[in-house]
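A.B. asks: coords.txt is reproduced below (compact mmCIF, C-alpha atoms and all ligand atoms).
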# COMPACT_ATOMS: atom_id res chain seq x y z
CA MET A 1 128.59 147.94 99.61
CA GLU A 2 127.86 145.88 96.50
CA ILE A 3 124.31 144.94 95.62
CA SER A 4 122.90 143.06 92.66
CA PHE A 5 119.23 142.18 92.69
CA TYR A 6 117.04 141.22 89.75
CA LEU A 7 113.53 139.77 89.95
CA PRO A 8 111.29 140.46 86.97
CA THR A 9 108.40 138.16 88.03
CA GLN A 10 105.13 139.74 89.09
CA VAL A 11 104.17 138.04 92.37
CA ARG A 12 100.56 138.03 93.50
CA MET A 13 99.69 136.26 96.74
CA GLY A 14 96.39 135.97 98.56
CA ARG A 15 93.37 133.78 99.13
CA ASN A 16 91.66 132.81 95.85
CA ILE A 17 94.33 134.75 93.97
CA VAL A 18 93.86 132.63 90.81
CA GLU A 19 90.17 133.57 90.60
CA ARG A 20 91.14 137.17 91.28
CA SER A 21 93.70 137.18 88.46
CA ALA A 22 91.36 136.67 85.50
CA GLN A 23 92.33 139.96 83.94
CA ALA A 24 96.06 139.33 84.31
CA LEU A 25 95.67 135.88 82.74
CA ALA A 26 93.57 137.25 79.85
CA GLY A 27 96.57 139.19 78.57
CA PHE A 28 98.81 136.16 78.19
CA GLY A 29 97.42 134.71 74.97
CA LYS A 30 94.67 132.75 73.28
CA ARG A 31 95.67 129.17 74.02
CA ALA A 32 97.42 127.93 77.18
CA MET A 33 99.31 124.75 77.81
CA LEU A 34 99.00 123.63 81.42
CA VAL A 35 102.19 121.92 82.61
CA THR A 36 101.54 119.62 85.55
CA GLY A 37 102.44 116.37 87.27
CA ARG A 38 100.22 113.32 86.89
CA SER A 39 97.58 114.26 89.47
CA SER A 40 98.63 116.87 92.05
CA ALA A 41 97.36 119.92 90.12
CA VAL A 42 93.91 118.33 89.86
CA LYS A 43 93.82 117.03 93.44
CA CYS A 44 94.65 120.34 95.10
CA GLY A 45 91.96 122.19 93.11
CA ALA A 46 94.33 124.60 91.34
CA GLN A 47 93.75 123.15 87.87
CA ALA A 48 89.96 123.56 88.16
CA ASP A 49 90.42 127.15 89.33
CA VAL A 50 92.68 127.88 86.35
CA THR A 51 90.50 126.27 83.71
CA ALA A 52 87.38 128.02 85.06
CA ILE A 53 89.13 131.36 84.56
CA LEU A 54 90.41 130.43 81.11
CA GLU A 55 86.92 129.41 80.08
CA LYS A 56 85.45 132.63 81.39
CA ASN A 57 88.12 134.58 79.51
CA GLY A 58 87.39 132.72 76.25
CA GLN A 59 90.88 131.20 76.24
CA THR A 60 91.41 127.57 75.26
CA TRP A 61 93.90 125.14 76.73
CA VAL A 62 95.67 121.82 76.39
CA VAL A 63 97.13 119.86 79.31
CA PHE A 64 100.62 118.34 79.43
CA ASP A 65 100.43 116.25 82.61
CA GLN A 66 103.48 114.06 82.01
CA VAL A 67 105.99 115.76 84.30
CA MET A 68 107.56 113.26 86.71
CA SER A 69 109.62 114.03 89.84
CA ASN A 70 113.07 115.19 88.76
CA PRO A 71 112.01 115.78 85.13
CA THR A 72 114.08 114.30 82.35
CA VAL A 73 115.33 115.86 79.14
CA ASP A 74 112.93 113.63 77.16
CA CYS A 75 110.02 114.95 79.19
CA VAL A 76 110.69 118.61 78.40
CA TYR A 77 111.22 117.91 74.69
CA ALA A 78 107.89 116.05 74.64
CA GLY A 79 106.23 119.02 76.36
CA ALA A 80 107.72 121.47 73.86
CA GLU A 81 106.58 119.30 70.97
CA LEU A 82 103.02 119.28 72.30
CA ALA A 83 103.07 123.05 72.84
CA ARG A 84 104.14 123.58 69.22
CA ARG A 85 101.69 121.06 67.79
CA GLU A 86 98.79 122.53 69.77
CA GLY A 87 99.73 126.13 69.02
CA ALA A 88 99.95 127.10 72.68
CA ASP A 89 101.00 130.73 73.02
CA PHE A 90 101.63 130.64 76.79
CA LEU A 91 102.27 128.15 79.58
CA ILE A 92 100.71 127.78 83.02
CA ALA A 93 102.76 125.58 85.34
CA ILE A 94 100.83 124.14 88.28
CA GLY A 95 102.70 122.04 90.80
CA GLY A 96 105.83 121.65 92.84
CA GLY A 97 109.37 122.20 91.61
CA SER A 98 109.23 119.52 88.93
CA PRO A 99 106.33 120.92 86.83
CA MET A 100 107.46 124.50 87.49
CA ASP A 101 111.03 123.78 86.35
CA ALA A 102 109.90 121.64 83.41
CA ALA A 103 107.65 124.48 82.21
CA LYS A 104 110.64 126.81 81.97
CA ALA A 105 112.58 124.35 79.82
CA ILE A 106 109.45 123.75 77.72
CA ALA A 107 108.98 127.52 77.28
CA LEU A 108 112.52 127.69 75.92
CA LEU A 109 112.35 124.61 73.69
CA ALA A 110 108.97 125.54 72.24
CA ARG A 111 110.50 128.71 70.81
CA GLN A 112 114.13 127.79 70.13
CA GLU A 113 115.83 124.91 68.35
CA ILE A 114 118.27 123.49 70.90
CA ALA A 115 119.79 120.03 70.54
CA PRO A 116 119.56 117.84 73.67
CA GLY A 117 123.36 117.72 73.80
CA ASP A 118 123.51 121.53 74.10
CA LEU A 119 120.87 121.88 76.80
CA PHE A 120 123.30 122.01 79.71
CA LYS A 121 125.84 124.25 78.02
CA GLY A 122 125.84 127.75 79.41
CA GLU A 123 123.22 130.44 79.77
CA PHE A 124 120.35 130.96 77.36
CA THR A 125 118.99 134.17 75.89
CA GLY A 126 116.27 134.98 73.38
CA ASP A 127 112.65 134.17 73.02
CA VAL A 128 110.57 131.86 75.26
CA LEU A 129 106.83 131.28 75.66
CA PRO A 130 105.27 133.56 78.29
CA MET A 131 104.80 131.74 81.61
CA VAL A 132 102.54 131.73 84.66
CA HIS A 133 103.63 129.70 87.70
CA ILE A 134 101.29 128.44 90.42
CA PRO A 135 103.15 126.56 93.18
CA THR A 136 101.28 123.77 94.96
CA THR A 137 104.10 123.05 97.43
CA ALA A 138 106.06 125.47 99.61
CA GLY A 139 109.67 124.64 98.93
CA THR A 140 111.28 125.25 95.60
CA GLY A 141 110.69 128.94 95.03
CA SER A 142 110.96 128.11 91.33
CA GLU A 143 108.14 130.57 90.61
CA VAL A 144 110.64 133.40 91.11
CA THR A 145 113.93 131.90 89.88
CA GLN A 146 115.60 131.71 86.48
CA TYR A 147 116.57 128.06 86.98
CA ALA A 148 115.12 124.89 85.51
CA ILE A 149 116.68 121.84 87.12
CA LEU A 150 116.57 118.66 85.09
CA THR A 151 117.95 115.15 85.41
CA ASN A 152 121.23 115.02 83.50
CA ASP A 153 121.91 111.37 82.78
CA ALA A 154 125.18 112.08 80.96
CA ALA A 155 126.64 113.57 84.17
CA GLN A 156 124.64 111.28 86.52
CA THR A 157 123.25 114.22 88.47
CA LYS A 158 120.75 117.07 88.25
CA THR A 159 121.84 120.15 86.34
CA SER A 160 120.23 123.54 85.99
CA LEU A 161 119.49 125.47 82.83
CA SER A 162 119.39 129.16 83.49
CA GLY A 163 118.90 132.46 81.80
CA PRO A 164 117.16 135.73 82.61
CA MET A 165 114.24 134.92 80.33
CA LEU A 166 113.50 131.74 82.32
CA PHE A 167 111.97 133.85 85.09
CA SER A 168 108.21 133.38 85.11
CA ASP A 169 106.14 136.39 84.11
CA LEU A 170 103.50 135.90 86.80
CA ALA A 171 103.50 133.88 90.02
CA LEU A 172 100.19 133.23 91.80
CA LEU A 173 100.52 132.10 95.43
CA ASP A 174 97.74 130.69 97.58
CA GLY A 175 98.37 128.45 100.60
CA LYS A 176 94.95 126.79 100.19
CA TYR A 177 96.43 124.53 97.51
CA MET A 178 98.78 123.02 100.12
CA MET A 179 96.15 121.86 102.60
CA GLY A 180 96.02 118.31 101.19
CA LEU A 181 99.79 117.76 101.01
CA SER A 182 101.17 114.71 102.78
CA HIS A 183 103.15 115.26 105.96
CA ARG A 184 106.31 113.99 104.27
CA THR A 185 105.99 116.34 101.29
CA THR A 186 105.19 119.26 103.58
CA VAL A 187 108.33 118.59 105.65
CA ASN A 188 110.64 117.88 102.72
CA THR A 189 109.58 120.99 100.81
CA ALA A 190 109.89 123.20 103.92
CA VAL A 191 113.41 121.83 104.44
CA ASP A 192 114.20 122.63 100.79
CA ALA A 193 113.01 126.22 101.33
CA LEU A 194 115.15 126.42 104.47
CA SER A 195 118.17 125.12 102.55
CA HIS A 196 117.71 127.90 99.97
CA VAL A 197 117.85 130.65 102.54
CA VAL A 198 120.61 129.06 104.64
CA GLU A 199 122.73 128.44 101.54
CA GLY A 200 121.78 131.86 100.18
CA MET A 201 123.18 133.51 103.31
CA LEU A 202 126.27 131.31 103.07
CA SER A 203 126.93 132.06 99.39
CA VAL A 204 129.73 134.27 98.11
CA LYS A 205 127.04 136.13 96.19
CA ALA A 206 125.00 137.01 99.32
CA ASN A 207 124.41 140.73 99.79
CA PRO A 208 122.48 142.84 102.33
CA THR A 209 119.25 142.62 100.30
CA THR A 210 119.33 138.84 99.96
CA ASP A 211 120.33 138.49 103.64
CA LEU A 212 117.31 140.56 104.64
CA LEU A 213 114.96 138.28 102.70
CA ALA A 214 116.74 135.12 103.88
CA ALA A 215 116.60 136.14 107.54
CA ASP A 216 112.86 136.77 107.31
CA ALA A 217 112.27 133.42 105.62
CA ILE A 218 114.40 131.60 108.22
CA ARG A 219 112.31 133.18 110.97
CA ARG A 220 109.05 132.14 109.32
CA ILE A 221 110.14 128.55 108.63
CA THR A 222 111.66 127.88 112.05
CA GLY A 223 108.66 129.64 113.65
CA ASN A 224 106.41 126.94 112.18
CA TYR A 225 108.51 124.04 113.47
CA GLN A 226 105.85 122.62 115.81
CA GLY A 227 103.21 122.68 113.09
CA LEU A 228 105.64 120.97 110.71
CA LEU A 229 106.48 118.29 113.28
CA SER A 230 102.90 117.56 114.25
CA ASP A 231 101.37 118.02 110.77
CA THR A 232 98.87 120.53 112.09
CA LEU A 233 99.60 123.54 109.86
CA THR A 234 96.66 125.87 109.36
CA VAL A 235 96.07 127.55 106.00
CA GLU A 236 97.59 130.75 107.42
CA GLN A 237 100.71 128.84 108.45
CA ARG A 238 100.80 127.24 104.99
CA ASP A 239 100.68 130.77 103.55
CA GLU A 240 103.61 131.72 105.73
CA LEU A 241 105.69 128.76 104.51
CA LEU A 242 104.70 129.51 100.92
CA TYR A 243 105.77 133.12 101.36
CA ALA A 244 109.07 131.97 102.91
CA SER A 245 109.59 129.57 100.03
CA MET A 246 109.04 132.40 97.52
CA LEU A 247 111.54 134.55 99.45
CA GLY A 248 113.96 131.61 99.22
CA GLY A 249 113.54 131.59 95.45
CA ALA A 250 114.14 135.35 95.33
CA VAL A 251 117.33 134.80 97.34
CA ILE A 252 118.82 131.95 95.30
CA ALA A 253 117.90 133.76 92.08
CA GLN A 254 120.67 136.16 93.17
CA THR A 255 123.03 134.00 95.24
CA GLY A 256 122.69 130.56 93.65
CA THR A 257 122.74 127.49 95.87
CA THR A 258 125.94 125.99 97.29
CA ALA A 259 127.50 122.65 98.21
CA VAL A 260 124.39 121.33 99.97
CA HIS A 261 122.49 121.30 96.69
CA SER A 262 125.50 119.98 94.73
CA MET A 263 125.88 117.11 97.18
CA GLY A 264 122.17 116.45 97.58
CA TYR A 265 121.75 115.85 93.86
CA SER A 266 123.66 112.56 94.12
CA LEU A 267 121.32 111.31 96.86
CA THR A 268 118.39 112.08 94.57
CA TYR A 269 119.99 110.71 91.40
CA PHE A 270 121.33 107.44 92.85
CA TRP A 271 118.99 106.76 95.80
CA GLY A 272 115.82 108.53 94.71
CA THR A 273 115.88 110.62 97.90
CA ASP A 274 113.44 113.52 97.78
CA HIS A 275 115.28 116.77 96.97
CA GLY A 276 114.39 118.64 100.17
CA ARG A 277 115.20 115.66 102.36
CA ALA A 278 118.55 115.23 100.59
CA ASN A 279 119.48 118.81 101.47
CA GLY A 280 118.25 118.42 105.03
CA LEU A 281 120.40 115.34 105.57
CA LEU A 282 123.55 117.31 104.61
CA MET A 283 122.90 120.83 105.88
CA ALA A 284 124.10 120.57 109.48
CA GLU A 285 127.44 119.01 108.54
CA PHE A 286 127.89 121.64 105.84
CA ALA A 287 127.46 124.29 108.55
CA GLN A 288 129.99 122.40 110.66
CA VAL A 289 132.63 122.33 107.92
CA LEU A 290 132.19 126.06 107.24
CA LEU A 291 132.67 126.80 110.94
CA GLN A 292 135.77 124.61 111.02
CA ARG A 293 137.11 126.65 108.13
CA GLY A 294 136.51 129.80 110.15
CA TYR A 295 133.53 131.17 108.24
CA ASP A 296 131.91 133.06 111.12
CA LYS A 297 128.74 134.12 109.29
CA THR A 298 127.63 130.51 109.84
CA ARG A 299 127.07 131.38 113.52
CA GLU A 300 124.78 134.24 112.53
CA VAL A 301 122.69 131.85 110.42
CA LEU A 302 122.48 129.36 113.29
CA ARG A 303 121.52 132.16 115.68
CA LEU A 304 118.69 133.26 113.33
CA MET A 305 117.37 129.70 113.55
CA GLY A 306 117.60 129.85 117.35
CA MET A 307 120.50 127.40 117.51
CA ASP A 308 123.94 127.66 119.08
CA SER A 309 125.75 124.92 117.14
CA PRO A 310 125.60 122.67 114.06
CA ALA A 311 124.83 119.81 116.47
CA ALA A 312 121.66 121.60 117.60
CA PHE A 313 120.76 122.15 113.92
CA ARG A 314 121.23 118.45 113.28
CA THR A 315 118.96 117.51 116.19
CA TRP A 316 116.34 119.96 114.88
CA LEU A 317 116.53 118.42 111.41
CA ASP A 318 116.55 114.83 112.69
CA ALA A 319 113.21 115.30 114.39
CA LEU A 320 111.75 116.32 111.03
CA LEU A 321 113.57 113.83 108.81
CA GLY A 322 113.53 110.66 110.95
CA GLU A 323 116.00 107.83 110.52
CA ARG A 324 118.88 108.50 108.15
CA GLU A 325 119.91 106.34 105.21
CA THR A 326 123.23 104.47 105.25
CA ILE A 327 126.08 105.19 102.86
CA THR A 328 129.05 103.08 101.74
CA ASP A 329 132.68 104.16 101.25
CA ALA A 330 132.31 103.61 97.51
CA GLU A 331 129.26 105.89 97.42
CA VAL A 332 131.09 108.59 99.38
CA GLU A 333 133.89 108.49 96.83
CA LYS A 334 131.52 108.54 93.85
CA PHE A 335 129.17 111.23 95.20
CA SER A 336 131.96 113.58 96.28
CA SER A 337 133.70 113.18 92.89
CA ILE A 338 130.48 114.25 91.16
CA ALA A 339 129.63 117.06 93.60
CA ILE A 340 133.05 118.71 93.39
CA GLN A 341 132.42 119.28 89.66
CA ALA A 342 129.02 120.95 90.16
CA LYS A 343 128.86 124.60 89.18
CA ASN A 344 127.20 125.72 92.44
CA ILE A 345 130.21 124.51 94.48
CA ALA A 346 131.86 127.76 93.38
CA ASN A 347 129.27 129.72 95.41
CA CYS A 348 130.66 128.38 98.71
CA PRO A 349 132.29 131.11 100.81
CA VAL A 350 135.37 128.97 101.36
CA VAL A 351 136.84 126.70 98.69
CA LEU A 352 135.91 123.21 99.81
CA THR A 353 138.00 120.22 98.79
CA LYS A 354 136.67 116.90 97.60
CA GLU A 355 137.87 115.40 100.90
CA GLU A 356 135.81 117.93 102.84
CA LEU A 357 132.73 117.04 100.78
CA ALA A 358 133.44 113.36 101.46
CA GLY A 359 133.65 114.22 105.18
CA VAL A 360 130.22 115.89 105.04
CA TYR A 361 128.73 112.76 103.43
CA ARG A 362 130.42 110.48 105.99
CA LYS A 363 129.34 112.45 109.04
CA SER A 364 125.82 113.00 107.71
CA PHE A 365 125.29 109.25 107.49
CA GLY A 366 127.33 108.14 110.52
CA LEU A 367 130.16 106.56 108.54
CA ALA A 368 133.31 106.87 110.67
FE FE B 401 116.30 123.19 96.29
Reformat the file's structure so that it appears as structure tokens.

C.D. replies:
Amino acid sequence: MEISFYLPTQVRMGRNIVERSAQALAGFGKRAMLVTGRSSAVKCGAQADVTAILEKNGQTWVVFDQVMSNPTVDCVYAGAELARREGADFLIAIGGGSPMDAAKAIALLARQEIAPGDLFKGEFTGDVLPMVHIPTTAGTGSEVTQYAILTNDAAQTKTSLSGPMLFSDLALLDGKYMMGLSHRTTVNTAVDALSHVVEGMLSVKANPTTDLLAADAIRRITGNYQGLLSDTLTVEQRDELLYASMLGGAVIAQTGTTAVHSMGYSLTYFWGTDHGRANGLLMAEFAQVLLQRGYDKTREVLRLMGMDSPAAFRTWLDALLGERETITDAEVEKFSSIAIQAKNIANCPVVLTKEELAGVYRKSFGLA
């Protein structure tokens, strides 16, 4: 048996956990920079909870609220510049995957001189600003991963920076911040979390520990299917999805993601498709191609979801995702050429060809 498992983030979950973490936050530094999107951190109440604690602790703060969906390289350099100028000695990311990922890149760039052209080259080591992550969606699991995924215009896709010091120091999880999420965001982020655990189980780097976590997360996500469909999730069910999403992060921190993520990035880069939705559109056909190639563990994953075939998985996803986009032959060619070069393709348990990736795109969008 071979096991490798590393997760240095302290995870604290519970109702009002931010208010209950005053002491933990006090140790981080004198001046925080809050890294957020334009409005979500304020709207869900998390930002007010954080600043109330900082004030009580005698800590000051500055807000960088310029993180857009699928953050750009320019955005993280601007954040790092503000952190330096303001003398921030730690970061608090509040938001979904975009602010949480941007904060990791900002933590790195605030402490190290890295040219934009070198940002996507290899793993990083060395000093970063200390980080606290507070997710306000239940999907990315970024609060417990070492990845920061940014828009990479040179390669026309999204690319991850990674390194062991990009793990957050403290993750604070409270499902109450998700009660105001739109139905679409709730669904898309839950599908992203599901893709992490499905891909995690179907990665060459999967091991018994990651499978244990993935299976539990699969059970919790599929167990909340009716609430997801009808948009009637209670705060306890939100907690369960948030917990599953964190487990998904813990899994992909070890296993990486696979072809679903590689292929989904093109849908996001070229069409603007939400990340979780992009994965959901491709996941069932990915399972199908793995089965065709004789990778039997795929059946175990389907069985954990209560499904007997990739077709049943597709029906399950369709009810959540609604009508699918259309794709052209030229797009299939372009997207599969880009995806085959992605680094996470190597995590697939069978070596997929560009033609097989093209087949997944075609079947996912009904192109014969
Ligand atoms: Fe993802």

A.B. asks: If the limit is 7 Å from any atom of ligand FE 401 (chain B), counting all atoms listed in the file, which residues qualify? Return them as a PDB file with C-alpha atoms, in the frame of the given file.

C.D. replies:
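The result, written out as result34.pdb:
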ATOM      1  CA  THR A 140     111.280 125.250  95.600  1.00  0.00           C
ATOM      2  CA  ASP A 192     114.200 122.630 100.790  1.00  0.00           C
ATOM      3  CA  ALA A 193     113.010 126.220 101.330  1.00  0.00           C
ATOM      4  CA  SER A 195     118.170 125.120 102.550  1.00  0.00           C
ATOM      5  CA  HIS A 196     117.710 127.900  99.970  1.00  0.00           C
ATOM      6  CA  HIS A 261     122.490 121.300  96.690  1.00  0.00           C
ATOM      7  CA  HIS A 275     115.280 116.770  96.970  1.00  0.00           C
ATOM      8  CA  GLY A 276     114.390 118.640 100.170  1.00  0.00           C
TER       9      GLY A 276
END

A.B. asks: To one decimal in Å, tell me the separation between CA of Ser168 (chain A) and CA of Thr72 (chain A).

C.D. replies: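 According to the coordinates, CA of Ser168 (chain A) and CA of Thr72 (chain A) are separated by 20.2 Å.
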
A.B. asks: Considering all atoms listed in the file, can you say which of A:Met179, A:Met1, A:Ile340, A:Ala88 comes closest to Leu352 (chain A)?

C.D. replies: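 For Leu352 (chain A), the nearest of the given residues is A:Ile340.
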
A.B. asks: So what do you get for CA of Pro135 (chain A) versus CA of Gly95 (chain A), distance-wise?

C.D. replies: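 These atoms are spaced 5.1 Å apart.
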
A.B. asks: Quote the spacing between CA of His183 (chain A) and CA of Ala138 (chain A) in Å to one decimal place.

C.D. replies: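 Between these atoms lies a distance of 12.4 Å.
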
A.B. asks: Rank nothing, just name the residue among A:Gly139, A:Pro99, A:Gly249, A:Gly14 nearest to Asp274 (chain A), using only C-alpha atoms.

C.D. replies: A:Gly139
